[in-house]
file input_12.cif (mmCIF, C-alpha atoms and all ligand atoms)
data_start
loop_
_atom_site.label_atom_id
_atom_site.label_comp_id
_atom_site.auth_asym_id
_atom_site.auth_seq_id
_atom_site.Cartn_x
_atom_site.Cartn_y
_atom_site.Cartn_z
CA MET A 1 -8.28 81.39 97.06
CA CYS A 2 -5.15 80.52 95.08
CA ASN A 3 -5.49 76.96 96.33
CA ILE A 4 -8.80 76.50 94.52
CA ASP A 5 -7.87 73.05 93.24
CA ILE A 6 -7.23 71.84 96.77
CA LEU A 7 -10.41 73.45 98.01
CA ARG A 8 -12.45 71.73 95.28
CA HIS A 9 -11.40 68.36 96.70
CA ASP A 10 -13.47 69.24 99.75
CA PHE A 11 -16.63 69.06 97.59
CA PRO A 12 -16.98 65.42 96.51
CA ILE A 13 -19.83 66.11 94.08
CA LEU A 14 -17.61 68.38 91.98
CA ASN A 15 -15.76 65.24 90.79
CA LYS A 16 -18.91 63.67 89.44
CA ILE A 17 -19.40 62.66 85.83
CA VAL A 18 -22.79 63.70 84.45
CA ASN A 19 -23.87 62.58 80.97
CA ASP A 20 -20.31 61.32 80.40
CA GLN A 21 -18.83 64.75 81.10
CA PRO A 22 -17.29 66.25 84.24
CA LEU A 23 -20.04 68.10 86.09
CA ILE A 24 -19.94 71.88 85.75
CA TYR A 25 -22.21 73.15 88.49
CA LEU A 26 -23.42 76.67 87.76
CA ASP A 27 -26.57 76.55 89.88
CA SER A 28 -25.38 77.53 93.35
CA GLY A 29 -28.17 80.10 93.52
CA ALA A 30 -30.63 77.20 93.76
CA THR A 31 -28.54 75.42 96.37
CA SER A 32 -24.84 75.36 97.12
CA GLN A 33 -22.81 72.17 97.09
CA LYS A 34 -21.65 70.75 100.43
CA PRO A 35 -18.10 70.19 101.62
CA GLN A 36 -17.18 66.77 103.01
CA CYS A 37 -17.04 68.15 106.58
CA VAL A 38 -20.77 68.99 106.42
CA ILE A 39 -21.64 65.55 105.05
CA ASP A 40 -19.43 63.93 107.72
CA SER A 41 -21.02 66.00 110.41
CA LEU A 42 -24.52 64.68 109.59
CA ASN A 43 -23.21 61.14 109.53
CA HIS A 44 -21.23 61.60 112.74
CA PHE A 45 -24.24 62.94 114.62
CA TYR A 46 -26.51 60.02 113.76
CA THR A 47 -23.70 57.50 114.28
CA ASN A 48 -22.30 58.78 117.56
CA SER A 49 -24.44 61.28 119.38
CA ASN A 50 -28.04 61.10 118.17
CA SER A 51 -30.24 62.34 120.97
CA ASN A 52 -32.88 65.01 121.50
CA VAL A 53 -31.89 68.47 122.72
CA HIS A 54 -32.88 70.41 125.85
CA ARG A 55 -34.49 67.32 127.36
CA GLY A 56 -32.43 64.44 128.65
CA ILE A 57 -29.86 64.86 131.37
CA HIS A 58 -28.03 61.86 129.97
CA THR A 59 -24.61 62.26 128.35
CA LEU A 60 -25.69 62.03 124.72
CA GLY A 61 -28.51 64.48 125.29
CA ASP A 62 -26.06 66.87 126.88
CA GLN A 63 -23.62 66.55 123.99
CA ALA A 64 -26.34 67.09 121.41
CA THR A 65 -27.60 70.17 123.24
CA THR A 66 -24.10 71.60 123.52
CA SER A 67 -23.29 71.12 119.80
CA TYR A 68 -26.70 72.47 118.83
CA GLU A 69 -26.32 75.61 120.95
CA ASN A 70 -22.68 75.99 119.88
CA THR A 71 -23.87 76.39 116.31
CA ARG A 72 -26.25 79.14 117.36
CA GLU A 73 -23.24 80.89 118.84
CA LYS A 74 -21.16 80.33 115.68
CA VAL A 75 -23.86 81.75 113.43
CA ALA A 76 -24.35 84.69 115.79
CA GLN A 77 -20.63 85.43 115.67
CA PHE A 78 -20.56 85.04 111.91
CA ILE A 79 -23.17 87.79 111.44
CA ASN A 80 -22.10 89.88 114.43
CA ALA A 81 -25.19 89.21 116.56
CA VAL A 82 -25.79 87.43 119.86
CA PRO A 83 -27.07 83.83 120.17
CA LYS A 84 -30.49 84.73 121.59
CA GLU A 85 -31.16 86.70 118.39
CA ILE A 86 -30.88 83.56 116.23
CA VAL A 87 -34.01 81.45 115.67
CA TRP A 88 -33.77 78.12 113.78
CA THR A 89 -36.40 77.66 111.09
CA LYS A 90 -36.96 75.40 108.09
CA GLY A 91 -35.54 78.00 105.70
CA ALA A 92 -35.77 81.58 104.52
CA THR A 93 -39.36 80.92 103.45
CA GLU A 94 -40.44 79.86 106.91
CA SER A 95 -38.54 82.77 108.48
CA LEU A 96 -40.45 85.22 106.27
CA ASN A 97 -43.75 83.53 107.11
CA ILE A 98 -43.03 83.78 110.83
CA LEU A 99 -42.40 87.50 110.36
CA ALA A 100 -45.44 88.08 108.16
CA TYR A 101 -47.70 86.30 110.63
CA GLY A 102 -46.17 87.92 113.69
CA LEU A 103 -46.11 91.46 112.34
CA SER A 104 -49.61 91.19 110.86
CA GLN A 105 -51.01 91.19 114.40
CA SER A 106 -50.19 94.87 114.83
CA LEU A 107 -51.06 96.12 111.32
CA LYS A 108 -54.07 98.29 110.61
CA PRO A 109 -56.02 98.83 107.40
CA ARG A 110 -54.10 101.07 104.94
CA ASP A 111 -50.73 100.51 106.64
CA ILE A 112 -48.10 100.15 103.93
CA ILE A 113 -45.75 97.22 103.38
CA LEU A 114 -42.99 98.10 100.91
CA ILE A 115 -41.04 95.54 98.87
CA SER A 116 -38.98 95.77 95.67
CA ALA A 117 -39.57 94.59 92.12
CA LEU A 118 -36.79 92.04 92.59
CA GLU A 119 -38.33 89.92 95.33
CA HIS A 120 -38.57 86.13 95.40
CA HIS A 121 -42.12 84.79 95.77
CA ALA A 122 -41.22 83.98 99.40
CA ASN A 123 -40.98 87.72 100.04
CA ILE A 124 -44.17 88.60 98.14
CA VAL A 125 -46.86 86.01 98.79
CA PRO A 126 -46.77 86.06 102.63
CA TRP A 127 -47.24 89.86 102.51
CA GLN A 128 -50.14 89.56 100.08
CA GLN A 129 -51.77 87.19 102.56
CA VAL A 130 -51.16 89.67 105.36
CA CYS A 131 -52.72 92.46 103.29
CA ALA A 132 -55.79 90.33 102.54
CA GLN A 133 -56.24 89.67 106.26
CA THR A 134 -55.49 93.10 107.70
CA GLY A 135 -56.37 95.60 104.98
CA ALA A 136 -52.74 96.70 104.77
CA ILE A 137 -51.47 97.64 101.31
CA LEU A 138 -48.50 96.18 99.45
CA LYS A 139 -46.42 98.68 97.47
CA VAL A 140 -43.50 97.90 95.18
CA ILE A 141 -40.32 99.84 94.41
CA PRO A 142 -40.18 99.51 90.62
CA LEU A 143 -37.19 98.93 88.35
CA ASP A 144 -35.63 102.10 86.95
CA GLU A 145 -35.96 102.99 83.26
CA THR A 146 -32.98 100.80 82.33
CA LEU A 147 -34.91 97.83 83.81
CA GLN A 148 -31.69 96.77 85.54
CA LYS A 149 -32.18 97.75 89.17
CA ILE A 150 -34.01 99.89 91.69
CA THR A 151 -32.55 103.29 92.53
CA LEU A 152 -32.06 104.94 95.88
CA SER A 153 -33.69 108.20 94.77
CA GLU A 154 -36.93 106.47 93.75
CA THR A 155 -36.84 104.32 96.91
CA PHE A 156 -36.37 107.31 99.23
CA LYS A 157 -39.17 109.13 97.41
CA LEU A 158 -41.55 106.18 97.95
CA ILE A 159 -40.55 105.87 101.60
CA ASP A 160 -41.37 109.56 102.10
CA ILE A 161 -44.73 109.16 100.36
CA TYR A 162 -45.82 105.92 102.02
CA LYS A 163 -44.11 106.05 105.44
CA PRO A 164 -44.21 102.24 105.39
CA LYS A 165 -44.76 100.20 108.55
CA ILE A 166 -42.69 97.39 107.07
CA ILE A 167 -39.96 97.35 104.43
CA SER A 168 -38.91 93.89 103.25
CA LEU A 169 -36.13 93.63 100.65
CA SER A 170 -33.79 91.07 99.23
CA HIS A 171 -30.16 91.80 99.98
CA ALA A 172 -29.28 90.14 96.67
CA SER A 173 -31.62 89.04 93.89
CA ASN A 174 -31.74 85.33 93.16
CA ALA A 175 -32.91 85.96 89.58
CA LEU A 176 -30.49 88.71 88.51
CA GLY A 177 -27.74 88.69 91.14
CA ASN A 178 -28.19 92.40 91.96
CA ILE A 179 -26.79 93.49 95.29
CA GLN A 180 -29.40 95.92 96.55
CA PRO A 181 -28.43 99.08 98.50
CA VAL A 182 -30.14 97.84 101.67
CA LYS A 183 -27.88 99.60 104.17
CA GLU A 184 -28.81 103.04 102.83
CA ILE A 185 -32.51 102.09 102.71
CA ILE A 186 -32.49 100.74 106.27
CA GLU A 187 -30.89 103.94 107.46
CA TYR A 188 -33.31 106.17 105.57
CA SER A 189 -36.37 104.30 106.81
CA LYS A 190 -35.51 105.12 110.43
CA LYS A 191 -37.13 108.46 109.67
CA TYR A 192 -40.50 106.69 109.94
CA GLN A 193 -39.55 103.87 112.34
CA SER A 194 -40.34 101.32 109.64
CA ILE A 195 -39.61 97.72 110.57
CA THR A 196 -36.87 96.53 108.20
CA ILE A 197 -36.55 92.95 106.99
CA ILE A 198 -33.76 91.75 104.74
CA ASP A 199 -33.99 88.53 102.75
CA GLY A 200 -30.41 87.32 102.74
CA ALA A 201 -30.99 83.90 101.18
CA GLN A 202 -28.61 84.75 98.32
CA ALA A 203 -26.39 87.27 100.06
CA PHE A 204 -25.44 85.28 103.16
CA MET A 205 -22.63 83.23 101.64
CA HIS A 206 -21.39 85.83 99.16
CA LEU A 207 -21.50 88.97 101.31
CA ARG A 208 -21.27 87.71 104.91
CA PRO A 209 -23.63 90.35 106.32
CA ASP A 210 -22.85 92.13 109.57
CA MET A 211 -25.97 92.83 111.64
CA LYS A 212 -24.45 95.70 113.62
CA ASN A 213 -23.36 97.37 110.41
CA LEU A 214 -26.63 96.81 108.51
CA ASP A 215 -28.77 97.63 111.54
CA CYS A 216 -31.93 96.00 110.14
CA ASP A 217 -34.60 94.64 112.50
CA PHE A 218 -34.70 91.19 110.88
CA TYR A 219 -32.51 89.19 108.50
CA VAL A 220 -33.42 85.78 107.08
CA PHE A 221 -31.47 83.09 105.23
CA SER A 222 -31.31 79.37 104.40
CA ALA A 223 -28.50 77.02 105.40
CA HIS A 224 -28.63 75.07 102.14
CA LYS A 225 -27.54 78.07 100.06
CA ALA A 226 -24.48 78.49 102.27
CA LEU A 227 -22.85 75.02 102.25
CA GLY A 228 -25.28 73.65 104.87
CA PRO A 229 -27.99 71.00 104.72
CA THR A 230 -31.54 71.46 103.38
CA GLY A 231 -34.48 71.92 105.70
CA LEU A 232 -32.80 74.52 107.90
CA GLY A 233 -32.83 78.29 107.98
CA CYS A 234 -32.42 81.23 110.25
CA LEU A 235 -34.37 84.16 111.45
CA TYR A 236 -32.19 86.85 112.98
CA GLY A 237 -34.01 89.57 114.90
CA LYS A 238 -32.82 92.44 117.05
CA TYR A 239 -33.63 91.01 120.43
CA GLU A 240 -36.02 93.66 121.68
CA VAL A 241 -38.01 93.51 118.42
CA LEU A 242 -37.80 89.73 118.06
CA ASN A 243 -38.99 89.06 121.58
CA THR A 244 -42.15 91.17 121.12
CA LEU A 245 -43.30 89.13 118.11
CA PRO A 246 -46.19 86.79 118.86
CA VAL A 247 -45.54 83.04 118.65
CA TYR A 248 -46.14 81.29 115.35
CA GLN A 249 -46.43 77.63 116.29
CA THR A 250 -47.07 76.23 119.72
CA GLY A 251 -46.26 72.92 121.40
CA GLY A 252 -43.32 71.43 123.22
CA GLU A 253 -40.04 73.20 123.91
CA MET A 254 -41.37 76.75 123.44
CA ILE A 255 -43.11 77.02 126.81
CA LYS A 256 -42.20 77.97 130.35
CA THR A 257 -45.17 76.36 132.08
CA VAL A 258 -48.32 74.64 130.86
CA SER A 259 -51.49 73.77 132.73
CA PHE A 260 -54.86 72.96 131.23
CA GLU A 261 -55.94 76.49 132.10
CA GLU A 262 -52.99 78.49 130.83
CA THR A 263 -49.59 78.40 129.13
CA ILE A 264 -46.67 80.74 129.66
CA PHE A 265 -44.34 80.95 126.69
CA SER A 266 -40.56 81.06 126.85
CA GLU A 267 -38.58 84.03 125.66
CA ALA A 268 -36.99 84.27 122.20
CA PRO A 269 -35.42 82.36 120.58
CA SER A 270 -36.99 79.24 122.07
CA LYS A 271 -40.54 80.60 121.88
CA PHE A 272 -40.21 80.32 118.09
CA GLU A 273 -38.81 76.80 118.11
CA ALA A 274 -41.77 74.54 118.90
CA GLY A 275 -41.17 70.81 118.74
CA THR A 276 -38.04 68.79 118.03
CA PRO A 277 -35.83 70.85 115.74
CA ASN A 278 -33.56 69.81 112.86
CA ILE A 279 -30.76 68.91 115.27
CA ALA A 280 -28.48 67.11 112.84
CA GLY A 281 -28.96 69.89 110.30
CA VAL A 282 -28.08 72.59 112.80
CA ILE A 283 -24.93 70.80 113.91
CA ALA A 284 -23.87 70.18 110.30
CA PHE A 285 -24.47 73.85 109.53
CA GLY A 286 -21.99 74.55 112.31
CA SER A 287 -19.40 72.69 110.20
CA ALA A 288 -20.39 74.81 107.19
CA ILE A 289 -19.79 77.97 109.20
CA ASP A 290 -16.41 76.61 110.36
CA TYR A 291 -15.57 75.99 106.71
CA LEU A 292 -16.54 79.52 105.67
CA ASP A 293 -14.56 80.88 108.60
CA LYS A 294 -11.45 79.17 107.27
CA ILE A 295 -11.76 80.88 103.88
CA ASN A 296 -10.33 84.38 103.81
CA PHE A 297 -13.35 86.56 103.01
CA ASN A 298 -11.40 89.19 101.08
CA ALA A 299 -9.80 86.51 98.96
CA GLN A 300 -13.24 84.98 98.34
CA LEU A 301 -14.63 88.35 97.19
CA ILE A 302 -11.73 88.99 94.84
CA TYR A 303 -11.87 85.48 93.40
CA GLU A 304 -15.65 85.52 92.88
CA LYS A 305 -15.42 88.94 91.25
CA ALA A 306 -12.77 87.73 88.81
CA LEU A 307 -14.90 84.70 87.91
CA PHE A 308 -17.91 86.92 87.40
CA LEU A 309 -16.05 89.38 85.16
CA SER A 310 -14.70 86.57 83.04
CA LEU A 311 -18.21 85.10 82.65
CA ARG A 312 -19.71 88.51 81.92
CA ASN A 313 -17.11 89.44 79.29
CA GLN A 314 -17.42 86.15 77.46
CA LEU A 315 -21.22 86.27 77.45
CA GLU A 316 -21.22 89.88 76.24
CA ASN A 317 -19.08 88.82 73.29
CA ILE A 318 -21.68 86.38 71.98
CA SER A 319 -23.97 88.22 69.60
CA GLY A 320 -27.68 87.66 70.16
CA ILE A 321 -27.27 87.26 73.92
CA LYS A 322 -29.05 89.70 76.17
CA LEU A 323 -27.93 90.02 79.80
CA TYR A 324 -30.22 91.26 82.56
CA GLY A 325 -29.75 92.98 85.89
CA ASP A 326 -27.13 95.12 87.56
CA LEU A 327 -23.78 93.80 86.33
CA ASP A 328 -21.74 96.15 88.52
CA GLN A 329 -23.21 95.37 91.93
CA ASN A 330 -23.65 91.63 91.64
CA ILE A 331 -23.07 88.49 93.72
CA GLY A 332 -21.96 86.43 90.69
CA THR A 333 -25.27 85.51 89.09
CA ILE A 334 -26.08 86.28 85.46
CA SER A 335 -29.45 85.85 83.79
CA PHE A 336 -29.63 85.89 80.00
CA ASN A 337 -31.67 85.09 76.92
CA TYR A 338 -30.61 84.32 73.37
CA LYS A 339 -32.61 85.92 70.56
CA ASN A 340 -36.13 84.55 70.84
CA GLU A 341 -35.07 81.06 71.85
CA HIS A 342 -36.78 79.40 74.76
CA PRO A 343 -34.41 79.25 77.77
CA PHE A 344 -35.51 75.65 78.44
CA ASP A 345 -34.08 74.56 75.10
CA ILE A 346 -30.70 76.09 75.93
CA ALA A 347 -30.55 74.47 79.37
CA THR A 348 -31.59 71.09 78.01
CA LEU A 349 -28.78 71.18 75.47
CA LEU A 350 -26.27 72.33 78.11
CA ASP A 351 -27.27 69.45 80.36
CA GLN A 352 -26.02 67.04 77.69
CA TYR A 353 -22.56 68.48 78.38
CA GLY A 354 -22.86 67.97 82.14
CA ILE A 355 -23.54 71.67 82.70
CA ALA A 356 -26.10 72.57 85.37
CA VAL A 357 -27.78 75.96 85.00
CA ARG A 358 -31.23 77.07 86.03
CA VAL A 359 -34.02 78.20 83.71
CA GLY A 360 -37.47 79.58 84.24
CA ASN A 361 -38.86 82.48 86.20
CA HIS A 362 -36.74 81.73 89.31
CA CYS A 363 -39.72 82.19 91.68
CA THR A 364 -39.83 85.83 90.56
CA GLN A 365 -42.78 85.99 88.17
CA PRO A 366 -43.56 89.66 88.87
CA LEU A 367 -39.93 90.57 88.09
CA MET A 368 -40.08 88.62 84.83
CA SER A 369 -43.27 90.56 83.97
CA SER A 370 -41.48 93.85 84.65
CA LEU A 371 -38.79 92.71 82.21
CA ASN A 372 -41.43 91.59 79.68
CA ILE A 373 -40.04 88.06 79.52
CA GLU A 374 -41.18 84.60 80.57
CA GLY A 375 -37.88 83.58 82.06
CA THR A 376 -34.13 83.40 81.61
CA VAL A 377 -31.17 81.06 81.67
CA ARG A 378 -29.38 81.72 84.95
CA VAL A 379 -25.74 81.01 85.71
CA SER A 380 -24.94 81.37 89.41
CA LEU A 381 -21.35 81.08 90.57
CA ALA A 382 -19.73 80.16 93.85
CA PHE A 383 -16.14 80.27 95.09
CA TYR A 384 -15.63 76.60 94.13
CA ASN A 385 -16.12 77.33 90.41
CA THR A 386 -13.11 77.89 88.15
CA LYS A 387 -12.18 79.98 85.12
CA THR A 388 -11.70 76.76 83.20
CA GLU A 389 -15.28 75.74 83.96
CA ILE A 390 -16.47 79.07 82.61
CA GLU A 391 -14.45 78.62 79.44
CA VAL A 392 -15.84 75.12 78.91
CA PHE A 393 -19.33 76.43 79.60
CA ILE A 394 -18.92 79.21 77.01
CA LYS A 395 -17.53 76.79 74.43
CA HIS A 396 -20.52 74.45 74.83
CA LEU A 397 -22.98 77.31 75.04
CA LYS A 398 -21.81 78.50 71.62
CA GLN A 399 -22.28 74.98 70.25
CA CYS A 400 -25.79 74.84 71.72
CA LEU A 401 -26.73 78.24 70.33
CA SER A 402 -25.51 77.30 66.85
CA LEU A 403 -27.84 74.29 66.96
CA LEU A 404 -30.74 76.62 67.68
CA ASP A 405 -29.89 79.17 64.99
C1 LIG A 501 -34.03 80.67 97.87
C2 LIG A 501 -34.57 81.99 98.21
C3 LIG A 501 -35.63 82.13 99.11
C4 LIG A 501 -36.32 80.95 99.72
O1 LIG A 501 -35.42 80.14 100.41
P1 LIG A 501 -35.84 78.64 100.82
O2 LIG A 501 -34.55 78.03 101.19
O3 LIG A 501 -36.43 78.02 99.58
O4 LIG A 501 -36.81 78.76 101.92
C5 LIG A 501 -36.06 83.39 99.42
N1 LIG A 501 -35.47 84.47 98.89
C6 LIG A 501 -34.45 84.40 98.04
C7 LIG A 501 -33.81 85.65 97.51
C8 LIG A 501 -33.97 83.14 97.66
O5 LIG A 501 -32.95 83.06 96.81
#
call {"tool": "encode", "arguments": {"input": "input_12.cif", "output": "structure tokens", "more": "lines below"}}
Ligand SMILES: *Cc1c(COP(=O)(O)O)cnc(C)c1O
result
Amino acid sequence: MCNIDILRHDFPILNKIVNDQPLIYLDSGATSQKPQCVIDSLNHFYTNSNSNVHRGIHTLGDQATTSYENTREKVAQFINAVPKEIVWTKGATESLNILAYGLSQSLKPRDIILISALEHHANIVPWQQVCAQTGAILKVIPLDETLQKITLSETFKLIDIYKPKIISLSHASNALGNIQPVKEIIEYSKKYQSITIIDGAQAFMHLRPDMKNLDCDFYVFSAHKALGPTGLGCLYGKYEVLNTLPVYQTGGEMIKTVSFEETIFSEAPSKFEAGTPNIAGVIAFGSAIDYLDKINFNAQLIYEKALFLSLRNQLENISGIKLYGDLDQNIGTISFNYKNEHPFDIATLLDQYGIAVRVGNHCTQPLMSSLNIEGTVRVSLAFYNTKTEIEVFIKHLKQCLSLLD
């Protein structure tokens, strides 16, 4: 990653001027920026090969189908899975809803679903709905006494007590950046044959998860948080588990045969892909994966870690700032508050300097309640950020805070 300046040229938006200042984008946790090759890929598809997939036998239709299925193969390779284990969805949210709906069919009253205190609403609300419909019970692994993270000892204890049917955990927290010890938890839960689901919306780009190594049953993520377009996500499932899930939506494309009397569904993954999919989005995500493949992962990890440490040290040196979360196992996201100031005021002032951060509860209201706060200012880094950007951010942050004092 020593050629960071060259790499930044691949992201046209990073040259933008916002409020008369060069944009400093510190909100990659909300959505990542897109390299030119992804933008070009969308344009190229609609300009040169727009056609539906799995239908026509004409040339364009063939090309579209090939590129579309090639991306499934690329994503499978990227996470060490096989193509038939990859289902295209609208995003991590839809992937979790497909799982909640599908798994609810075999739940009984008093079955336990276990999540953590750090979950995004997308990994809470669908399970609450399932509990309301089936009589299953949602249990939560709480934060430890430092309020920074969950611990393995408490988690193992709860797994032994509850023998959960389903365990659904974020690989990395969007609000605090914590990397959660999911591998150990997945392994431990085999004791009770729990179905394990990992929400990798944040982790996918930063940690490049390996499905064989993690050995979870399901893993979900969104393309738009990993250089790809919006409106597209993935549901990975171990094939034998995935294929037993009931269908979620029905219609064209997901069937083997249909008569007015009866329909026979296809096998996974196509049985979960009713209707015309986000073809252009899938193909453009293929370009995003190619781009990530070109970046040396070890170099990315080292670079992101250095950025994070620099940000952390400088924030810790500002008196009155309180940092949240696990700052040792972290994907490069820091949430903070300043004295009793409202985070919205800080972000509004920062915006005047062209600095984009996120404020609010980050779709994690229960986590904010556990921390006894309404929300935070969140800085989320990506490999295209620089140390200079962090220095400029800190300089302007200090100016903003002095206005509030
Ligand atoms: C963003 C996010 C989601 C939801 O992803 P969508 O792309 O909005 O569907 C779920 N979980 C986590 C941890 C997230 O960061």
call {"tool": "axis_aligned_box", "arguments": {"input": "input_12.cif", "around": "ligand LIG 501 (chain A)", "padding_each_side": "4 Å", "output": "AutoDock Vina command-line options"}}
result
--center_x -34.9 --center_y 81.8 --center_z 99.4 --size_x 11.9 --size_y 15.6 --size_z 13.1
call {"tool": "closest_residue", "arguments": {"input": "input_12.cif", "among": "A:Ala306, A:Ala201, A:Ala172, A:Leu350", "to": "Thr386 in chain A", "atoms": "only C-alpha atoms"}}
result
A:Ala306
call {"tool": "residues_near_ligand", "arguments": {"input": "input_12.cif", "ligand": "ligand LIG 501 (chain A)", "cutoff": "6 Å", "atoms": "all atoms listed in the file", "output": "VMD selection string"}}
result
chain A and resid 91 to 93 120 122 170 173 to 174 199 201 to 202 222
call {"tool": "residues_around", "arguments": {"input": "input_12.cif", "residues": "Ile334 in chain A", "least_positions_apart": "3", "cutoff": "10 Å", "atoms": "only C-alpha atoms", "output": "list in words"}}
result
Asn174, Ala175, Leu176, Gly177, Asn178, Phe308, Leu311, Arg312, Leu315, Leu323, Tyr324, Gly325, Asp326, Leu327, Asn330, Ile331, Thr376, Val377, Arg378, Val379, Ser380 and Leu381 of chain A
call {"tool": "closest_residue", "arguments": {"input": "input_12.cif", "among": "A:Pro246, A:Gly360, A:Gly237, A:Gly320", "to": "Val82 in chain A", "atoms": "all atoms listed in the file"}}
result
A:Gly237
call {"tool": "closest_residue", "arguments": {"input": "input_12.cif", "among": "A:Glu316, A:Met211, A:Asn337, A:Tyr384", "to": "Asn80 in chain A", "atoms": "only C-alpha atoms"}}
result
A:Met211
call {"tool": "closest_residue", "arguments": {"input": "input_12.cif", "among": "A:Ile141, A:Leu397, A:Ser106, A:Ala100", "to": "Gln129 in chain A", "atoms": "all atoms listed in the file"}}
result
A:Ala100
call {"tool": "closest_residue", "arguments": {"input": "input_12.cif", "among": "A:Leu349, A:Gln365, A:His224, A:Asn385", "to": "Ala30 in chain A", "atoms": "all atoms listed in the file"}}
result
A:His224
call {"tool": "build_atoms", "arguments": {"input": "input_12.cif", "residues": "range 261-272 of chain A", "atoms": "N, CA and C atoms", "output": "mmCIF file, in the frame of the given file"}}
result
data_model
loop_
_atom_site.group_PDB
_atom_site.id
_atom_site.type_symbol
_atom_site.label_atom_id
_atom_site.label_comp_id
_atom_site.auth_asym_id
_atom_site.auth_seq_id
_atom_site.Cartn_x
_atom_site.Cartn_y
_atom_site.Cartn_z
ATOM 1 N N GLU A 261 -55.284 75.176 132.118
ATOM 2 C CA GLU A 261 -55.940 76.490 132.100
ATOM 3 C C GLU A 261 -55.133 77.517 131.308
ATOM 4 N N GLU A 262 -53.805 77.382 131.340
ATOM 5 C CA GLU A 262 -52.990 78.490 130.830
ATOM 6 C C GLU A 262 -51.575 78.019 130.491
ATOM 7 N N THR A 263 -50.977 78.695 129.481
ATOM 8 C CA THR A 263 -49.590 78.400 129.130
ATOM 9 C C THR A 263 -48.777 79.678 129.144
ATOM 10 N N ILE A 264 -47.592 79.597 129.714
ATOM 11 C CA ILE A 264 -46.670 80.740 129.660
ATOM 12 C C ILE A 264 -45.536 80.384 128.711
ATOM 13 N N PHE A 265 -45.363 81.229 127.705
ATOM 14 C CA PHE A 265 -44.340 80.950 126.690
ATOM 15 C C PHE A 265 -42.955 81.323 127.186
ATOM 16 N N SER A 266 -41.949 80.661 126.584
ATOM 17 C CA SER A 266 -40.560 81.060 126.850
ATOM 18 C C SER A 266 -40.269 82.376 126.141
ATOM 19 N N GLU A 267 -39.064 82.837 126.368
ATOM 20 C CA GLU A 267 -38.580 84.030 125.660
ATOM 21 C C GLU A 267 -37.969 83.582 124.332
ATOM 22 N N ALA A 268 -37.730 84.557 123.440
ATOM 23 C CA ALA A 268 -36.990 84.270 122.200
ATOM 24 C C ALA A 268 -35.574 83.804 122.579
ATOM 25 N N PRO A 269 -34.922 82.930 121.829
ATOM 26 C CA PRO A 269 -35.420 82.360 120.580
ATOM 27 C C PRO A 269 -36.316 81.138 120.761
ATOM 28 N N SER A 270 -36.342 80.555 121.980
ATOM 29 C CA SER A 270 -36.990 79.240 122.070
ATOM 30 C C SER A 270 -38.504 79.341 121.889
ATOM 31 N N LYS A 271 -39.083 80.521 122.089
ATOM 32 C CA LYS A 271 -40.540 80.600 121.880
ATOM 33 C C LYS A 271 -40.921 80.436 120.408
ATOM 34 N N PHE A 272 -39.924 80.540 119.514
ATOM 35 C CA PHE A 272 -40.210 80.320 118.090
ATOM 36 C C PHE A 272 -39.761 78.947 117.602
#
